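> Input structure: coords_35.cif, which contains mmCIF, C-alpha atoms.
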```
data_query
loop_
_atom_site.group_PDB
_atom_site.id
_atom_site.type_symbol
_atom_site.label_atom_id
_atom_site.label_comp_id
_atom_site.auth_asym_id
_atom_site.auth_seq_id
_atom_site.Cartn_x
_atom_site.Cartn_y
_atom_site.Cartn_z
ATOM 1 C CA MET A 1 0.000 0.000 0.000
ATOM 2 C CA PHE A 2 2.776 2.441 0.936
ATOM 3 C CA ILE A 3 5.620 0.869 -1.034
ATOM 4 C CA ALA A 4 5.370 3.256 -4.006
ATOM 5 C CA GLU A 5 5.866 6.315 -1.773
ATOM 6 C CA PHE A 6 8.847 4.724 -0.012
ATOM 7 C CA GLN A 7 10.380 3.746 -3.350
ATOM 8 C CA GLU A 8 9.933 7.189 -4.901
ATOM 9 C CA VAL A 9 11.482 9.036 -1.952
ATOM 10 C CA GLY A 10 14.209 6.422 -1.432
ATOM 11 C CA ARG A 11 15.323 6.568 -5.063
ATOM 12 C CA ASP A 12 15.437 10.346 -5.001
ATOM 13 C CA LEU A 13 17.405 10.472 -1.740
ATOM 14 C CA PHE A 14 19.983 8.078 -3.195
ATOM 15 C CA HIS A 15 20.258 9.712 -6.617
ATOM 16 C CA ARG A 16 20.646 13.163 -5.054
ATOM 17 C CA GLY A 17 23.471 11.863 -2.879
ATOM 18 C CA LEU A 18 21.582 12.448 0.374
ATOM 19 C CA VAL A 19 22.246 8.847 1.481
ATOM 20 C CA SER A 20 24.888 6.255 0.623
ATOM 21 C CA SER A 21 23.999 2.863 -0.866
ATOM 22 C CA HIS A 22 22.883 1.393 2.482
ATOM 23 C CA GLY A 23 22.523 4.584 4.538
ATOM 24 C CA GLY A 24 19.546 6.466 5.922
ATOM 25 C CA ASN A 25 16.066 5.286 6.830
ATOM 26 C CA MET A 26 12.432 6.358 6.558
ATOM 27 C CA SER A 27 9.169 5.678 8.332
ATOM 28 C CA ILE A 28 5.498 6.564 8.393
ATOM 29 C CA ARG A 29 3.040 6.355 11.266
ATOM 30 C CA PHE A 30 -0.538 5.099 11.162
ATOM 31 C CA GLY A 31 -2.298 5.073 14.511
ATOM 32 C CA ASP A 32 -0.252 3.154 17.073
ATOM 33 C CA ARG A 33 1.753 1.384 14.336
ATOM 34 C CA LEU A 34 4.577 2.459 12.054
ATOM 35 C CA LEU A 35 6.284 1.249 8.891
ATOM 36 C CA ILE A 36 10.058 1.694 8.862
ATOM 37 C CA THR A 37 12.749 0.602 6.458
ATOM 38 C CA ARG A 38 14.592 -2.611 7.274
ATOM 39 C CA ARG A 39 18.010 -2.573 8.936
ATOM 40 C CA GLY A 40 20.612 -2.149 6.167
ATOM 41 C CA ALA A 41 18.044 -1.563 3.396
ATOM 42 C CA GLN A 42 19.120 0.140 0.183
ATOM 43 C CA LEU A 43 16.825 3.155 -0.050
ATOM 44 C CA GLY A 44 17.435 3.428 -3.794
ATOM 45 C CA HIS A 45 16.183 -0.143 -4.380
ATOM 46 C CA LEU A 46 13.406 -0.795 -1.873
ATOM 47 C CA THR A 47 11.021 -3.730 -2.104
ATOM 48 C CA GLU A 48 8.017 -4.590 0.054
ATOM 49 C CA ARG A 49 10.269 -6.919 2.051
ATOM 50 C CA ASP A 50 12.271 -3.846 3.143
ATOM 51 C CA LEU A 51 9.314 -2.299 5.015
ATOM 52 C CA ILE A 52 8.942 -3.473 8.601
ATOM 53 C CA GLU A 53 5.704 -2.900 10.533
ATOM 54 C CA THR A 54 5.980 -2.556 14.294
ATOM 55 C CA GLY A 55 4.497 -0.608 17.190
ATOM 56 C CA VAL A 56 5.053 3.056 17.971
ATOM 57 C CA GLU A 57 5.161 2.209 21.685
ATOM 58 C CA ARG A 58 5.886 -1.528 21.828
ATOM 59 C CA ASN A 59 8.123 -4.165 20.307
ATOM 60 C CA ASP A 60 6.808 -7.210 18.481
ATOM 61 C CA ARG A 61 8.265 -10.079 16.464
ATOM 62 C CA ALA A 62 9.200 -7.825 13.529
ATOM 63 C CA THR A 63 11.078 -5.269 15.637
ATOM 64 C CA PRO A 64 14.565 -6.867 15.398
ATOM 65 C CA SER A 65 14.501 -6.444 11.588
ATOM 66 C CA ALA A 66 13.716 -2.730 11.760
ATOM 67 C CA SER A 67 16.252 0.034 11.189
ATOM 68 C CA SER A 68 18.765 0.581 13.970
ATOM 69 C CA GLU A 69 17.298 4.100 14.301
ATOM 70 C CA LEU A 70 13.858 2.742 15.318
ATOM 71 C CA ALA A 71 14.167 4.226 18.822
ATOM 72 C CA VAL A 72 14.687 7.696 17.348
ATOM 73 C CA HIS A 73 11.666 7.406 15.045
ATOM 74 C CA ARG A 74 9.520 6.195 17.944
ATOM 75 C CA ALA A 75 10.614 9.067 20.195
ATOM 76 C CA ILE A 76 9.842 11.645 17.491
ATOM 77 C CA TYR A 77 6.387 10.157 16.876
ATOM 78 C CA GLN A 78 5.667 10.060 20.593
ATOM 79 C CA GLY A 79 6.752 13.676 21.094
ATOM 80 C CA THR A 80 5.461 15.416 17.952
ATOM 81 C CA GLN A 81 2.584 15.422 15.467
ATOM 82 C CA ALA A 82 4.806 13.948 12.738
ATOM 83 C CA GLN A 83 3.344 11.268 10.492
ATOM 84 C CA ALA A 84 6.507 10.672 8.452
ATOM 85 C CA ILE A 85 10.263 10.842 9.082
ATOM 86 C CA VAL A 86 13.266 10.862 6.762
ATOM 87 C CA HIS A 87 16.742 10.290 8.194
ATOM 88 C CA ALA A 88 19.504 11.138 5.716
ATOM 89 C CA HIS A 89 23.205 12.006 5.578
ATOM 90 C CA PRO A 90 23.365 15.243 3.527
ATOM 91 C CA ALA A 91 27.069 15.995 3.004
ATOM 92 C CA PHE A 92 27.057 19.810 3.084
ATOM 93 C CA ALA A 93 24.779 19.920 6.124
ATOM 94 C CA LEU A 94 26.992 17.389 7.884
ATOM 95 C CA ALA A 95 30.137 19.349 7.064
ATOM 96 C CA LEU A 96 28.639 22.536 8.501
ATOM 97 C CA SER A 97 27.487 20.658 11.605
ATOM 98 C CA TYR A 98 31.113 20.264 12.691
ATOM 99 C CA PHE A 99 31.454 24.045 13.018
ATOM 100 C CA GLU A 100 28.018 25.518 13.746
ATOM 101 C CA PRO A 101 25.646 25.481 16.747
ATOM 102 C CA GLU A 102 22.813 25.958 14.235
ATOM 103 C CA ILE A 103 22.528 26.225 10.468
ATOM 104 C CA VAL A 104 21.106 29.513 9.217
ATOM 105 C CA PRO A 105 20.325 29.461 5.471
ATOM 106 C CA MET A 106 21.296 32.574 3.511
ATOM 107 C CA ASP A 107 19.149 31.881 0.442
ATOM 108 C CA ALA A 108 15.568 33.127 0.320
ATOM 109 C CA GLU A 109 13.872 29.736 -0.055
ATOM 110 C CA GLY A 110 15.835 28.117 2.743
ATOM 111 C CA SER A 111 15.336 31.085 5.069
ATOM 112 C CA LEU A 112 11.590 31.149 4.504
ATOM 113 C CA SER A 113 10.974 27.396 4.439
ATOM 114 C CA VAL A 114 13.279 25.801 7.019
ATOM 115 C CA GLY A 115 14.593 28.814 8.955
ATOM 116 C CA ARG A 116 17.207 28.198 11.646
ATOM 117 C CA VAL A 117 18.069 24.516 11.950
ATOM 118 C CA PRO A 118 19.436 23.286 15.292
ATOM 119 C CA VAL A 119 22.634 21.234 15.364
ATOM 120 C CA ILE A 120 22.386 18.693 18.176
ATOM 121 C CA GLY A 121 25.353 17.422 20.165
ATOM 122 C CA GLU A 122 28.461 19.037 21.578
ATOM 123 C CA THR A 123 30.693 16.516 19.794
ATOM 124 C CA VAL A 124 30.175 14.061 16.942
ATOM 125 C CA ILE A 125 27.226 11.828 17.841
ATOM 126 C CA THR A 126 27.528 8.164 16.900
ATOM 127 C CA GLN A 127 24.501 6.907 18.866
ATOM 128 C CA VAL A 128 21.489 9.188 18.368
ATOM 129 C CA ARG A 129 19.780 7.400 21.265
ATOM 130 C CA ASP A 130 22.179 9.342 23.533
ATOM 131 C CA VAL A 131 20.533 12.650 22.526
ATOM 132 C CA LEU A 132 16.909 11.522 22.033
ATOM 133 C CA ASP A 133 15.419 14.250 24.227
ATOM 134 C CA GLU A 134 17.277 16.959 22.294
ATOM 135 C CA VAL A 135 16.204 15.496 18.953
ATOM 136 C CA VAL A 136 12.550 15.418 19.990
ATOM 137 C CA LYS A 137 12.735 18.943 21.391
ATOM 138 C CA GLY A 138 14.317 20.146 18.143
ATOM 139 C CA CYS A 139 11.604 18.468 16.062
ATOM 140 C CA GLN A 140 8.909 20.091 18.195
ATOM 141 C CA GLY A 141 10.022 23.515 16.970
ATOM 142 C CA CYS A 142 11.577 22.770 13.571
ATOM 143 C CA LYS A 143 10.884 20.730 10.450
ATOM 144 C CA ILE A 144 14.393 19.308 10.398
ATOM 145 C CA VAL A 145 17.323 18.905 12.793
ATOM 146 C CA VAL A 146 20.950 17.932 12.225
ATOM 147 C CA ILE A 147 22.842 15.654 14.598
ATOM 148 C CA ARG A 148 26.475 16.733 14.656
ATOM 149 C CA GLY A 149 28.531 14.541 12.341
ATOM 150 C CA HIS A 150 25.723 11.992 12.018
ATOM 151 C CA GLY A 151 22.841 13.128 9.833
ATOM 152 C CA SER A 152 19.484 14.880 9.620
ATOM 153 C CA PHE A 153 15.992 13.949 10.788
ATOM 154 C CA ALA A 154 13.147 15.652 8.934
ATOM 155 C CA ILE A 155 9.474 15.352 9.798
ATOM 156 C CA GLY A 156 6.259 15.867 7.869
ATOM 157 C CA GLN A 157 2.764 14.599 7.305
ATOM 158 C CA LEU A 158 4.006 12.626 4.282
ATOM 159 C CA LEU A 159 7.377 11.163 3.312
ATOM 160 C CA ASN A 160 7.531 13.579 0.379
ATOM 161 C CA GLU A 161 7.251 16.521 2.775
ATOM 162 C CA ALA A 162 10.071 15.253 5.013
ATOM 163 C CA HIS A 163 12.126 14.603 1.878
ATOM 164 C CA HIS A 164 11.470 18.172 0.725
ATOM 165 C CA TRP A 165 12.905 19.632 3.943
ATOM 166 C CA THR A 166 15.939 17.342 3.639
ATOM 167 C CA SER A 167 16.758 18.338 0.072
ATOM 168 C CA LEU A 168 16.028 22.008 0.749
ATOM 169 C CA LEU A 169 18.356 22.094 3.759
ATOM 170 C CA GLU A 170 21.144 20.452 1.761
ATOM 171 C CA GLU A 171 20.743 22.966 -1.076
ATOM 172 C CA SER A 172 20.849 25.832 1.431
ATOM 173 C CA CYS A 173 24.001 24.387 3.012
ATOM 174 C CA ARG A 174 25.614 24.005 -0.400
ATOM 175 C CA ILE A 175 24.873 27.647 -1.185
ATOM 176 C CA LEU A 176 26.078 28.764 2.243
ATOM 177 C CA SER A 177 29.346 26.848 1.797
ATOM 178 C CA MET A 178 29.941 28.326 -1.662
ATOM 179 C CA VAL A 179 29.193 31.858 -0.460
ATOM 180 C CA ARG A 180 31.697 31.439 2.350
ATOM 181 C CA ILE A 181 34.391 30.201 -0.039
ATOM 182 C CA LEU A 182 33.721 32.889 -2.644
ATOM 183 C CA GLY A 183 33.294 35.573 0.003
ATOM 184 C CA GLN A 184 36.602 35.047 1.786
ATOM 185 C CA GLY A 185 38.276 38.400 2.184
ATOM 186 C CA THR A 186 35.073 40.321 1.475
ATOM 187 C CA ASN A 187 32.438 41.748 3.779
ATOM 188 C CA VAL A 188 29.744 39.159 2.909
ATOM 189 C CA THR A 189 27.737 38.225 6.014
ATOM 190 C CA SER A 190 25.215 35.532 6.830
ATOM 191 C CA ASN A 191 21.670 36.114 8.112
ATOM 192 C CA SER A 192 22.979 35.839 11.643
ATOM 193 C CA GLY A 193 25.330 38.753 11.016
ATOM 194 C CA ALA A 194 28.429 36.615 11.497
ATOM 195 C CA PRO A 195 31.189 36.888 8.870
ATOM 196 C CA PRO A 196 31.821 33.863 6.697
ATOM 197 C CA ALA A 197 33.961 31.210 8.383
#
```
Starting from the coordinates I provided, produce the structure as structure tokens.


Amino acid sequence: MFIAEFQEVGRDLFHRGLVSSHGGNMSIRFGDRLLITRRGAQLGHLTERDLIETGVERNDRATPSASSELAVHRAIYQGTQAQAIVHAHPAFALALSYFEPEIVPMDAEGSLSVGRVPVIGETVITQVRDVLDEVVKGCQGCKIVVIRGHGSFAIGQLLNEAHHWTSLLEESCRILSMVRILGQGTNVTSNSGAPPA
């Protein structure tokens, strides 16, 4: 029933370079259940077998096959109104996360659509479960958050919406990075008023 939506978004995430061959994960919620991609699934080549149904609150027999980020998806669903989540590894956003406490897009579309994006974690985060409360809090006020050195979690009512925020943030980060490179030695400033790094 939902496979076509997962396949469309998964293919696009892979072809845009927002996930590696076996990276990232996605889920949707329906009532007290959720569908999440299988542990180690290739988002660019999903089949029905790669979608695992389990509980939002409770484990069941299918739970061990679910993505290793299941706990993060559950926490976001329990703490927000999200109905869909996309977890990706956008390269420019990740690169900026090493240096910024938040990502502030300079381009008009990014500024208007995603606004200031929190970067979670004081150091590189390998286990997102260690910062679950911060991730949920970030998702309560923003459409997308970035975990330092790890990846992004975007929420929406549909997978396509969460995918939109992911791709839009990455484009904004790409522009921001290019502006900083091209603007070295000039007086170009970001929206926050800070000079380019």

> Please, what distance in Å, to one decimal, runs between atom CA of Ile103 of chain A and atom CA of Val117 of chain A?

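Going from atom CA of Ile103 of chain A over to atom CA of Val117 of chain A covers 5.0 Å.
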
> Quick check on the file I pasted: which residues fall under the PyMOL selection byres ((chain A and resi 162) around 10)? Write them as a PyMOL selection string.

chain A and resi 9+26+82-87+143-144+153-161+163-168

> Take the PyMOL selection byres ((chain A and resi 124-130) around 9), run it mentally on this structure, and tell me the resulting residues as a CSV table (one decimal) with C-alpha atoms, keeping the file's coordinate frame.


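Output contents, as saved in part.csv:
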```
chain,number,residue,atom,x,y,z
A,69,GLU,CA,17.3,4.1,14.3
A,71,ALA,CA,14.2,4.2,18.8
A,72,VAL,CA,14.7,7.7,17.3
A,97,SER,CA,27.5,20.7,11.6
A,98,TYR,CA,31.1,20.3,12.7
A,120,ILE,CA,22.4,18.7,18.2
A,121,GLY,CA,25.4,17.4,20.2
A,122,GLU,CA,28.5,19.0,21.6
A,123,THR,CA,30.7,16.5,19.8
A,131,VAL,CA,20.5,12.6,22.5
A,132,LEU,CA,16.9,11.5,22.0
A,133,ASP,CA,15.4,14.2,24.2
A,135,VAL,CA,16.2,15.5,19.0
A,147,ILE,CA,22.8,15.7,14.6
A,148,ARG,CA,26.5,16.7,14.7
A,149,GLY,CA,28.5,14.5,12.3
A,150,HIS,CA,25.7,12.0,12.0
```

> Show which residues sit within 10 Å of Arg33 of chain A, as an MDAnalysis selection string. Count only C-alpha atoms, and ignore same-chain residues fewer than 5 positions away.

chainID A and resid 28 53:58 74

> Skipping near chain neighbours, those fewer than 2 positions away, what residues fall within 9 Å of Gln140 of chain A using all atoms listed in the file, listed as a list of chain:residue names?

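Listing them by chain and then by number gives A:Ile76, A:Gly79, A:Thr80, A:Gln81, A:Val135, A:Val136, A:Lys137, A:Gly138, A:Cys142, A:Lys143.
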
> Have a look at atom CA of Arg61 of chain A and atom CA of Arg38 of chain A and let me know their distance in Å, one decimal.

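Going from atom CA of Arg61 of chain A over to atom CA of Arg38 of chain A, I get 13.4 Å.
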
> To one decimal place, how far is atom CA of Ala75 of chain A from atom CA of Val146 of chain A in Å?

15.8 Å

> Would you write out, as an MDAnalysis selection string, every residue that the PyMOL selection byres ((chain A and resi 45) around 8) captures in this file?

chainID A and resid 7 10:11 42:44 46:47

> Give as a list in words each residue that has an atom at most 9 Å from (18.2, 29.8, -0.3) in the file, counting all atoms listed in the file.

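Checked against the point, the hits come out as Pro105, Met106, Asp107, Ala108, Glu109, Gly110, Ser111, Leu112, Ser113, Leu168, Leu169, Glu171, Ser172, Cys173, Ile175 and Leu176 of chain A.
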
> Identify which of the residues A:Phe99, A:Phe2, A:Phe14, A:Tyr77 lies closest to Ala41 of chain A, counting all atoms listed in the file when measuring atom-to-atom distances.

A:Phe14

> Which of these, A:Gln78, A:Ser67, A:Glu170, A:Leu182, has the shortest distance to Leu13 of chain A once you count all atoms listed in the file?

A:Glu170

> Please write out, as AutoDock Vina command-line options, where the centre of an axis-aligned box around all listed atoms of segment 60-72 of chain A lies and how long its edges are, in Å to one decimal, after adding 5 Å on each side.


```
--center_x 12.8 --center_y -1.2 --center_z 15.0 --size_x 22.0 --size_y 27.8 --size_z 17.6
```
